[in-house]
file work.cif (mmCIF, C-alpha atoms)
data_start
#
loop_
_atom_site.label_atom_id
_atom_site.label_comp_id
_atom_site.auth_asym_id
_atom_site.auth_seq_id
_atom_site.Cartn_x
_atom_site.Cartn_y
_atom_site.Cartn_z
CA MET A 1 -39.77 47.88 32.00
CA PRO A 2 -38.86 44.65 30.14
CA ASP A 3 -41.24 43.22 27.57
CA ALA A 4 -42.12 39.52 27.44
CA VAL A 5 -44.03 37.39 24.94
CA TRP A 6 -47.05 35.62 26.41
CA PHE A 7 -49.45 33.07 24.94
CA PRO A 8 -52.77 34.04 26.57
CA ALA A 9 -54.86 31.69 24.41
CA ALA A 10 -54.34 29.04 21.77
CA GLY A 11 -53.14 30.63 18.55
CA VAL A 12 -52.64 34.05 20.14
CA ALA A 13 -49.45 35.80 21.27
CA GLU A 14 -49.06 39.21 22.83
CA ILE A 15 -46.28 41.38 24.28
CA ARG A 16 -46.71 42.29 27.93
CA THR A 17 -44.68 44.76 29.96
CA GLU A 18 -43.41 43.44 33.29
CA PRO A 19 -41.82 45.25 36.24
CA PRO A 20 -38.01 44.95 36.44
CA GLN A 21 -36.70 42.28 38.79
CA HIS A 22 -34.28 42.89 41.64
CA VAL A 23 -30.72 41.58 41.18
CA GLY A 24 -29.68 39.65 44.29
CA PRO A 25 -26.11 38.96 45.39
CA THR A 26 -25.90 35.75 43.35
CA ASP A 27 -27.95 36.91 40.34
CA VAL A 28 -27.24 38.50 36.98
CA ARG A 29 -29.38 40.68 34.76
CA VAL A 30 -29.34 39.78 31.06
CA ARG A 31 -30.52 41.93 28.15
CA ALA A 32 -31.62 39.75 25.24
CA VAL A 33 -29.96 40.06 21.85
CA ALA A 34 -31.60 37.11 20.06
CA SER A 35 -34.27 34.60 20.99
CA GLY A 36 -34.88 31.42 19.02
CA LEU A 37 -38.36 30.17 18.13
CA SER A 38 -38.98 26.45 18.46
CA ALA A 39 -40.96 24.93 15.61
CA GLY A 40 -41.66 21.87 17.78
CA SER A 41 -42.57 22.25 21.44
CA GLU A 42 -43.20 25.98 21.28
CA LEU A 43 -45.74 25.68 18.47
CA LEU A 44 -47.50 22.93 20.40
CA VAL A 45 -47.87 25.32 23.33
CA TYR A 46 -48.89 28.19 21.03
CA ARG A 47 -51.58 26.06 19.40
CA GLY A 48 -52.88 24.74 22.71
CA LEU A 49 -51.78 21.16 21.94
CA ALA A 50 -49.56 20.76 25.02
CA PRO A 51 -51.16 18.92 27.96
CA ASP A 52 -52.29 21.57 30.47
CA ASP A 53 -51.18 19.56 33.50
CA PHE A 54 -47.75 18.60 32.10
CA PRO A 55 -44.99 20.15 34.26
CA PRO A 56 -42.36 22.10 32.28
CA ASP A 57 -38.76 21.00 32.90
CA LEU A 58 -37.40 24.56 32.77
CA PRO A 59 -37.04 26.57 35.98
CA THR A 60 -37.88 29.75 34.06
CA VAL A 61 -41.37 28.46 33.20
CA ASP A 62 -43.71 28.45 36.19
CA GLY A 63 -46.66 26.15 36.78
CA ASN A 64 -47.76 24.07 33.81
CA PHE A 65 -48.44 24.40 30.09
CA GLY A 66 -51.96 25.74 30.58
CA LEU A 67 -52.58 29.13 28.96
CA PRO A 68 -51.65 31.91 29.61
CA ILE A 69 -47.95 31.06 29.58
CA LYS A 70 -44.64 32.81 28.92
CA PHE A 71 -42.57 30.35 26.92
CA GLY A 72 -39.36 29.95 24.93
CA TYR A 73 -35.99 28.49 25.88
CA ALA A 74 -33.25 29.67 23.50
CA ASN A 75 -32.13 33.13 24.51
CA VAL A 76 -28.79 34.83 23.84
CA GLY A 77 -28.10 38.08 25.66
CA THR A 78 -25.55 40.37 27.21
CA VAL A 79 -24.94 40.58 30.95
CA VAL A 80 -25.77 44.13 32.05
CA GLU A 81 -25.63 43.77 35.85
CA VAL A 82 -24.05 41.28 38.26
CA GLY A 83 -24.71 40.65 41.93
CA SER A 84 -22.11 41.42 44.57
CA ASP A 85 -21.21 37.75 45.12
CA VAL A 86 -21.06 36.69 41.47
CA ALA A 87 -17.82 35.24 40.12
CA GLY A 88 -17.28 33.94 36.60
CA LEU A 89 -19.58 36.38 34.79
CA GLU A 90 -19.00 40.04 34.10
CA VAL A 91 -20.87 42.91 32.52
CA ASP A 92 -20.82 42.68 28.69
CA ASP A 93 -20.34 38.89 28.68
CA LEU A 94 -22.38 37.18 25.95
CA VAL A 95 -24.42 34.32 27.43
CA PHE A 96 -26.97 31.68 26.50
CA ALA A 97 -29.92 30.96 28.77
CA HIS A 98 -32.93 28.65 28.69
CA HIS A 99 -35.28 31.60 29.10
CA PRO A 100 -38.56 32.68 27.49
CA HIS A 101 -38.70 35.51 24.95
CA GLN A 102 -38.09 38.64 27.01
CA THR A 103 -36.08 41.80 26.47
CA GLU A 104 -34.47 41.64 29.91
CA TYR A 105 -34.50 39.18 32.80
CA VAL A 106 -32.80 38.24 36.06
CA VAL A 107 -31.56 34.69 36.71
CA PRO A 108 -29.15 33.03 39.15
CA ALA A 109 -25.56 33.48 37.96
CA ASP A 110 -25.03 29.73 37.55
CA PHE A 111 -27.94 29.51 35.10
CA PRO A 112 -26.57 31.23 31.95
CA ILE A 113 -23.74 29.74 29.91
CA ARG A 114 -21.00 32.16 28.88
CA LEU A 115 -20.44 31.89 25.13
CA PRO A 116 -16.98 31.92 23.53
CA ASN A 117 -15.61 35.26 22.39
CA GLY A 118 -16.36 35.88 18.75
CA LEU A 119 -19.11 33.26 18.46
CA PRO A 120 -21.81 34.53 16.08
CA ILE A 121 -24.99 35.30 18.02
CA GLU A 122 -27.17 33.25 15.68
CA ARG A 123 -25.07 30.17 16.44
CA GLY A 124 -25.37 30.70 20.17
CA VAL A 125 -29.15 30.45 19.90
CA PHE A 126 -28.79 26.80 18.86
CA ALA A 127 -27.18 25.74 22.15
CA ALA A 128 -30.46 24.29 23.42
CA ASN A 129 -31.02 22.34 20.19
CA LEU A 130 -27.48 20.97 20.24
CA GLU A 131 -27.98 19.84 23.83
CA THR A 132 -31.12 18.00 22.70
CA ALA A 133 -29.37 16.45 19.70
CA ALA A 134 -26.44 15.25 21.80
CA THR A 135 -28.84 13.63 24.28
CA VAL A 136 -30.69 11.91 21.44
CA VAL A 137 -27.48 10.46 19.99
CA LEU A 138 -26.35 9.29 23.43
CA ASP A 139 -29.73 7.56 23.88
CA ALA A 140 -29.46 6.00 20.42
CA HIS A 141 -25.93 4.77 21.18
CA PRO A 142 -24.99 4.05 17.56
CA ARG A 143 -21.98 1.80 16.97
CA LEU A 144 -19.46 2.07 14.17
CA ASP A 145 -20.93 1.25 10.77
CA GLU A 146 -24.47 0.82 12.08
CA ALA A 147 -27.24 1.97 9.75
CA VAL A 148 -29.33 4.85 11.08
CA LEU A 149 -32.53 6.48 9.86
CA VAL A 150 -33.25 10.07 10.94
CA ALA A 151 -36.83 11.15 10.23
CA GLY A 152 -37.04 14.93 10.07
CA GLN A 153 -34.29 17.34 9.09
CA GLY A 154 -35.28 20.45 10.94
CA VAL A 155 -32.81 22.06 13.30
CA VAL A 156 -32.63 19.13 15.74
CA GLY A 157 -32.68 16.53 12.97
CA LEU A 158 -29.79 18.18 11.14
CA LEU A 159 -27.77 18.43 14.34
CA VAL A 160 -28.48 14.75 15.05
CA THR A 161 -27.28 13.89 11.53
CA MET A 162 -24.05 15.86 12.09
CA LEU A 163 -23.37 14.11 15.39
CA LEU A 164 -24.14 10.67 13.95
CA LYS A 165 -21.57 11.31 11.22
CA ARG A 166 -18.98 12.08 13.87
CA ALA A 167 -19.99 8.98 15.83
CA GLY A 168 -19.20 6.72 12.86
CA ALA A 169 -22.72 5.59 11.93
CA ARG A 170 -23.05 4.40 8.32
CA PRO A 171 -25.10 4.65 6.26
CA ILE A 172 -27.07 7.60 7.62
CA ILE A 173 -30.44 7.78 5.87
CA ALA A 174 -32.29 11.08 6.30
CA THR A 175 -35.88 11.81 5.38
CA ASP A 176 -37.85 15.04 5.21
CA LEU A 177 -40.83 16.47 3.35
CA HIS A 178 -38.93 19.50 2.09
CA GLU A 179 -36.31 19.36 -0.67
CA ARG A 180 -34.34 22.23 0.88
CA ARG A 181 -33.95 20.27 4.11
CA ARG A 182 -33.01 17.10 2.26
CA ASP A 183 -30.25 19.05 0.50
CA ALA A 184 -29.10 20.38 3.88
CA ALA A 185 -29.03 16.83 5.24
CA ILE A 186 -26.47 15.81 2.61
CA ARG A 187 -24.29 18.74 3.64
CA ALA A 188 -24.74 17.70 7.28
CA GLY A 189 -23.38 14.22 6.58
CA ALA A 190 -26.28 12.04 5.47
CA ASP A 191 -25.36 9.30 2.99
CA GLN A 192 -28.85 9.00 1.52
CA VAL A 193 -31.91 11.27 1.61
CA LEU A 194 -35.46 10.16 0.99
CA ALA A 195 -38.86 11.81 0.82
CA PRO A 196 -41.41 10.37 3.28
CA GLY A 197 -44.34 8.48 1.85
CA ASP A 198 -45.77 5.04 1.23
CA ALA A 199 -42.54 3.84 -0.41
CA LEU A 200 -40.21 4.98 2.38
CA VAL A 201 -39.96 1.73 4.31
CA ALA A 202 -39.33 -0.29 1.13
CA GLN A 203 -36.59 2.16 0.12
CA VAL A 204 -34.92 1.87 3.54
CA LEU A 205 -35.02 -1.91 3.31
CA GLU A 206 -33.49 -1.77 -0.17
CA LEU A 207 -30.66 0.48 1.06
CA THR A 208 -29.93 -1.93 3.91
CA SER A 209 -30.08 -5.17 1.88
CA GLY A 210 -33.48 -6.03 3.34
CA ARG A 211 -32.34 -5.89 6.96
CA GLY A 212 -33.58 -2.50 8.09
CA VAL A 213 -31.71 0.09 10.13
CA ASP A 214 -30.02 -0.59 13.44
CA VAL A 215 -31.22 2.73 14.85
CA ALA A 216 -34.22 4.86 13.82
CA ILE A 217 -34.62 8.37 15.25
CA GLU A 218 -37.89 10.28 14.92
CA ALA A 219 -37.18 14.04 14.97
CA SER A 220 -40.01 15.46 12.88
CA GLY A 221 -42.87 15.55 15.37
CA SER A 222 -45.05 13.48 13.03
CA PRO A 223 -46.79 10.39 14.44
CA ALA A 224 -46.79 8.91 10.91
CA ALA A 225 -43.01 9.34 10.79
CA LEU A 226 -42.71 7.46 14.06
CA GLN A 227 -44.56 4.53 12.54
CA SER A 228 -42.17 4.59 9.58
CA CYS A 229 -39.24 4.45 12.00
CA VAL A 230 -40.71 1.42 13.75
CA ASP A 231 -41.37 -0.32 10.42
CA SER A 232 -37.85 0.49 9.15
CA ALA A 233 -36.00 -0.86 12.20
CA ALA A 234 -34.18 -4.17 11.98
CA PHE A 235 -35.01 -7.02 14.35
CA GLY A 236 -33.52 -6.02 17.69
CA GLY A 237 -33.01 -2.45 16.44
CA THR A 238 -33.51 0.72 18.47
CA VAL A 239 -36.15 3.40 17.91
CA VAL A 240 -35.55 6.75 19.63
CA VAL A 241 -38.32 9.33 19.91
CA ALA A 242 -36.78 12.81 19.79
CA SER A 243 -40.10 14.60 19.34
CA TRP A 244 -42.88 15.80 21.61
CA TYR A 245 -46.31 15.13 20.14
CA GLY A 246 -48.36 16.92 22.79
CA THR A 247 -52.01 15.88 22.72
CA ARG A 248 -51.82 14.57 19.15
CA GLU A 249 -52.46 10.84 18.90
CA VAL A 250 -49.45 8.66 18.18
#

call {"tool": "encode", "arguments": {"input": "work.cif", "output": "structure tokens"}}
result
Amino acid sequence: MPDAVWFPAAGVAEIRTEPPQHVGPTDVRVRAVASGLSAGSELLVYRGLAPDDFPPDLPTVDGNFGLPIKFGYANVGTVVEVGSDVAGLEVDDLVFAHHPHQTEYVVPADFPIRLPNGLPIERGVFAANLETAATVVLDAHPRLDEAVLVAGQGVVGLLVTMLLKRAGARPIIATDLHERRRDAAIRAGADQVLAPGDALVAQVLELTSGRGVDVAIEASGSPAALQSCVDSAAFGGTVVVASWYGTREV
């Protein structure tokens, strides 16, 4: 019997045992090895701050975000059974799947992504976050030598910073409340790091000769940070919202 993590009420989580699912001809059974916790959307759901009637965009999450709900979307596991018509996946393959926290589950064979041989499991968990970061950078569409502000240097923010560096943005200005994350942002490719606060916008303007940034990306989940991004953007600049604020006012 596989175990799954459910949120039955705001601020409460419990492990429930579920009956094993049948593996159809085009399905695979995956046994989880690691499951990543989201500090953004998942905590909104856990705290009851996600709109109840908002439809999830993951096929593994049924219904809406109303409690109780089984949530999570960063699961790395090992294939333990394959259907008779499955090609491309084999038993013992290491895969990533957008699936809630669960010890074992059955999904269509085209749903998991087979991970490269030798990839550390903890890196595989970040596949969902990297997908998000890549989408954010594509939406931001930074050009060579354009100034970019990234508010928030959590997992997604750091990945965005790394991708911006590879895209040729300059300078990349990162901001975060925590010193440890600001230090990580420098290692990820940021040119300048700032602490958020009343002086942030003035500091961004100083670093950009009074013009402001061409692109501002909000990746912290803070409505106040979003306002700082808007205020830091140059005339005609782009502001990209990479966060989900749930029912919190923006």

call {"tool": "closest_atom_pairs", "arguments": {"input": "work.cif", "of": "stretch 42-140 of chain A", "to": "stretch 27-31 of chain A", "cutoff": "6 Å", "atoms": "all atoms listed in the file", "output": "tab-separated table"}}
result
residue	atom	partner	partner_atom	distance
A:Gly77	CA	A:Arg31	CA	5.2
A:Thr78	CA	A:Arg31	CA	5.3
A:Val79	CA	A:Val30	CA	4.5
A:Val80	CA	A:Arg29	CA	5.7
A:Glu81	CA	A:Arg29	CA	5.0
A:Val82	CA	A:Val28	CA	4.4
A:Gly83	CA	A:Asp27	CA	5.2
A:Thr103	CA	A:Arg31	CA	5.8
A:Glu104	CA	A:Arg31	CA	4.3
A:Tyr105	CA	A:Val30	CA	5.5
A:Val106	CA	A:Arg29	CA	4.4
A:Val107	CA	A:Asp27	CA	5.6
A:Pro108	CA	A:Asp27	CA	4.2
A:Ala109	CA	A:Asp27	CA	4.8

call {"tool": "resolve_selection", "arguments": {"input": "work.cif", "expression": "the PyMOL selection byres ((chain A and resi 154) around 8)", "output": "number ranges by chain"}}
result
A: 152-153, 155-158, 181, 219-220

call {"tool": "closest_residue", "arguments": {"input": "work.cif", "among": "A:Leu159, A:Ala13, A:Val239, A:Leu207", "to": "A:Leu194", "atoms": "all atoms listed in the file"}}
result
A:Leu207

call {"tool": "closest_atom_pairs", "arguments": {"input": "work.cif", "of": "stretch 52-115 of chain A", "to": "stretch 36-40 of chain A", "cutoff": "8 Å", "atoms": "all atoms listed in the file", "output": "Markdown table"}}
result
| residue | atom | partner | partner_atom | distance |
| --- | --- | --- | --- | --- |
| A:Gly72 | CA | A:Leu37 | CA | 6.9 |
| A:Tyr73 | CA | A:Gly36 | CA | 7.5 |
| A:Ala74 | CA | A:Gly36 | CA | 5.1 |
| A:Asn75 | CA | A:Gly36 | CA | 6.4 |

call {"tool": "resolve_selection", "arguments": {"input": "work.cif", "expression": "the PyMOL selection byres ((chain A and resi 203) around 12)", "output": "number ranges by chain"}}
result
A: 149, 173-175, 192-202, 204-213, 228, 231-232

call {"tool": "write_last_selection", "arguments": {"input": "work.cif", "atoms": "C-alpha atoms", "output": "PDB file, in the frame of the given file"}}
result
ATOM      1  CA  LEU A 149     -32.530   6.480   9.860  1.00  0.00           C
ATOM      2  CA  ILE A 173     -30.440   7.780   5.870  1.00  0.00           C
ATOM      3  CA  ALA A 174     -32.290  11.080   6.300  1.00  0.00           C
ATOM      4  CA  THR A 175     -35.880  11.810   5.380  1.00  0.00           C
ATOM      5  CA  GLN A 192     -28.850   9.000   1.520  1.00  0.00           C
ATOM      6  CA  VAL A 193     -31.910  11.270   1.610  1.00  0.00           C
ATOM      7  CA  LEU A 194     -35.460  10.160   0.990  1.00  0.00           C
ATOM      8  CA  ALA A 195     -38.860  11.810   0.820  1.00  0.00           C
ATOM      9  CA  PRO A 196     -41.410  10.370   3.280  1.00  0.00           C
ATOM     10  CA  GLY A 197     -44.340   8.480   1.850  1.00  0.00           C
ATOM     11  CA  ASP A 198     -45.770   5.040   1.230  1.00  0.00           C
ATOM     12  CA  ALA A 199     -42.540   3.840  -0.410  1.00  0.00           C
ATOM     13  CA  LEU A 200     -40.210   4.980   2.380  1.00  0.00           C
ATOM     14  CA  VAL A 201     -39.960   1.730   4.310  1.00  0.00           C
ATOM     15  CA  ALA A 202     -39.330  -0.290   1.130  1.00  0.00           C
ATOM     16  CA  VAL A 204     -34.920   1.870   3.540  1.00  0.00           C
ATOM     17  CA  LEU A 205     -35.020  -1.910   3.310  1.00  0.00           C
ATOM     18  CA  GLU A 206     -33.490  -1.770  -0.170  1.00  0.00           C
ATOM     19  CA  LEU A 207     -30.660   0.480   1.060  1.00  0.00           C
ATOM     20  CA  THR A 208     -29.930  -1.930   3.910  1.00  0.00           C
ATOM     21  CA  SER A 209     -30.080  -5.170   1.880  1.00  0.00           C
ATOM     22  CA  GLY A 210     -33.480  -6.030   3.340  1.00  0.00           C
ATOM     23  CA  ARG A 211     -32.340  -5.890   6.960  1.00  0.00           C
ATOM     24  CA  GLY A 212     -33.580  -2.500   8.090  1.00  0.00           C
ATOM     25  CA  VAL A 213     -31.710   0.090  10.130  1.00  0.00           C
ATOM     26  CA  SER A 228     -42.170   4.590   9.580  1.00  0.00           C
ATOM     27  CA  ASP A 231     -41.370  -0.320  10.420  1.00  0.00           C
ATOM     28  CA  SER A 232     -37.850   0.490   9.150  1.00  0.00           C
TER      29      SER A 232
END

call {"tool": "closest_residue", "arguments": {"input": "work.cif", "among": "A:Glu218, A:Asp176, A:Asp85, A:Asp57", "to": "A:His99", "atoms": "all atoms listed in the file"}}
result
A:Asp57

call {"tool": "closest_residue", "arguments": {"input": "work.cif", "among": "A:Pro142, A:Pro112, A:Pro223, A:Pro68", "to": "A:Gly88", "atoms": "only C-alpha atoms"}}
result
A:Pro112

call {"tool": "residues_around", "arguments": {"input": "work.cif", "residues": "A:Ala4", "least_positions_apart": "5", "cutoff": "9 Å", "atoms": "all atoms listed in the file", "output": "PyMOL selection string"}}
result
chain A and resi 14-18+70+100-104

call {"tool": "resolve_selection", "arguments": {"input": "work.cif", "expression": "the PyMOL selection byres ((chain A and resi 130-137) around 7)", "output": "JSON, numbers by chain"}}
result
{"A": [126, 127, 128, 129, 138, 139, 140, 141, 156, 159, 160, 164, 242]}

call {"tool": "atom_distance", "arguments": {"input": "work.cif", "atom1": "atom CA of A:Pro2", "atom2": "atom CA of A:Gln21"}}
result
9.2 Å

call {"tool": "residues_around", "arguments": {"input": "work.cif", "residues": "stretch 118-124 of chain A", "least_positions_apart": "2", "cutoff": "8 Å", "atoms": "only C-alpha atoms", "output": "MDAnalysis selection string"}}
result
chainID A and resid 33:34 76 96 115:116 126:127

call {"tool": "residues_around", "arguments": {"input": "work.cif", "residues": "A:Thr238", "least_positions_apart": "5", "cutoff": "8 Å", "atoms": "all atoms listed in the file", "output": "PyMOL selection string"}}
result
chain A and resi 140+214-216+233

call {"tool": "closest_residue", "arguments": {"input": "work.cif", "among": "A:Val23, A:Leu44, A:Ala10, A:Ala32", "to": "A:Thr247", "atoms": "only C-alpha atoms"}}
result
A:Leu44

call {"tool": "closest_residue", "arguments": {"input": "work.cif", "among": "A:Asp62, A:Leu67, A:Asp92, A:Ala225", "to": "A:Ala50", "atoms": "only C-alpha atoms"}}
result
A:Leu67

call {"tool": "closest_residue", "arguments": {"input": "work.cif", "among": "A:Val150, A:Val45, A:Met162, A:Leu58", "to": "A:Val241", "atoms": "only C-alpha atoms"}}
result
A:Val150

call {"tool": "atom_distance", "arguments": {"input": "work.cif", "atom1": "atom CA of A:Arg182", "atom2": "atom CA of A:Arg170"}}
result
17.2 Å

call {"tool": "atom_distance", "arguments": {"input": "work.cif", "atom1": "atom CA of A:Ile186", "atom2": "atom CA of A:Ser41"}}
result
25.6 Å
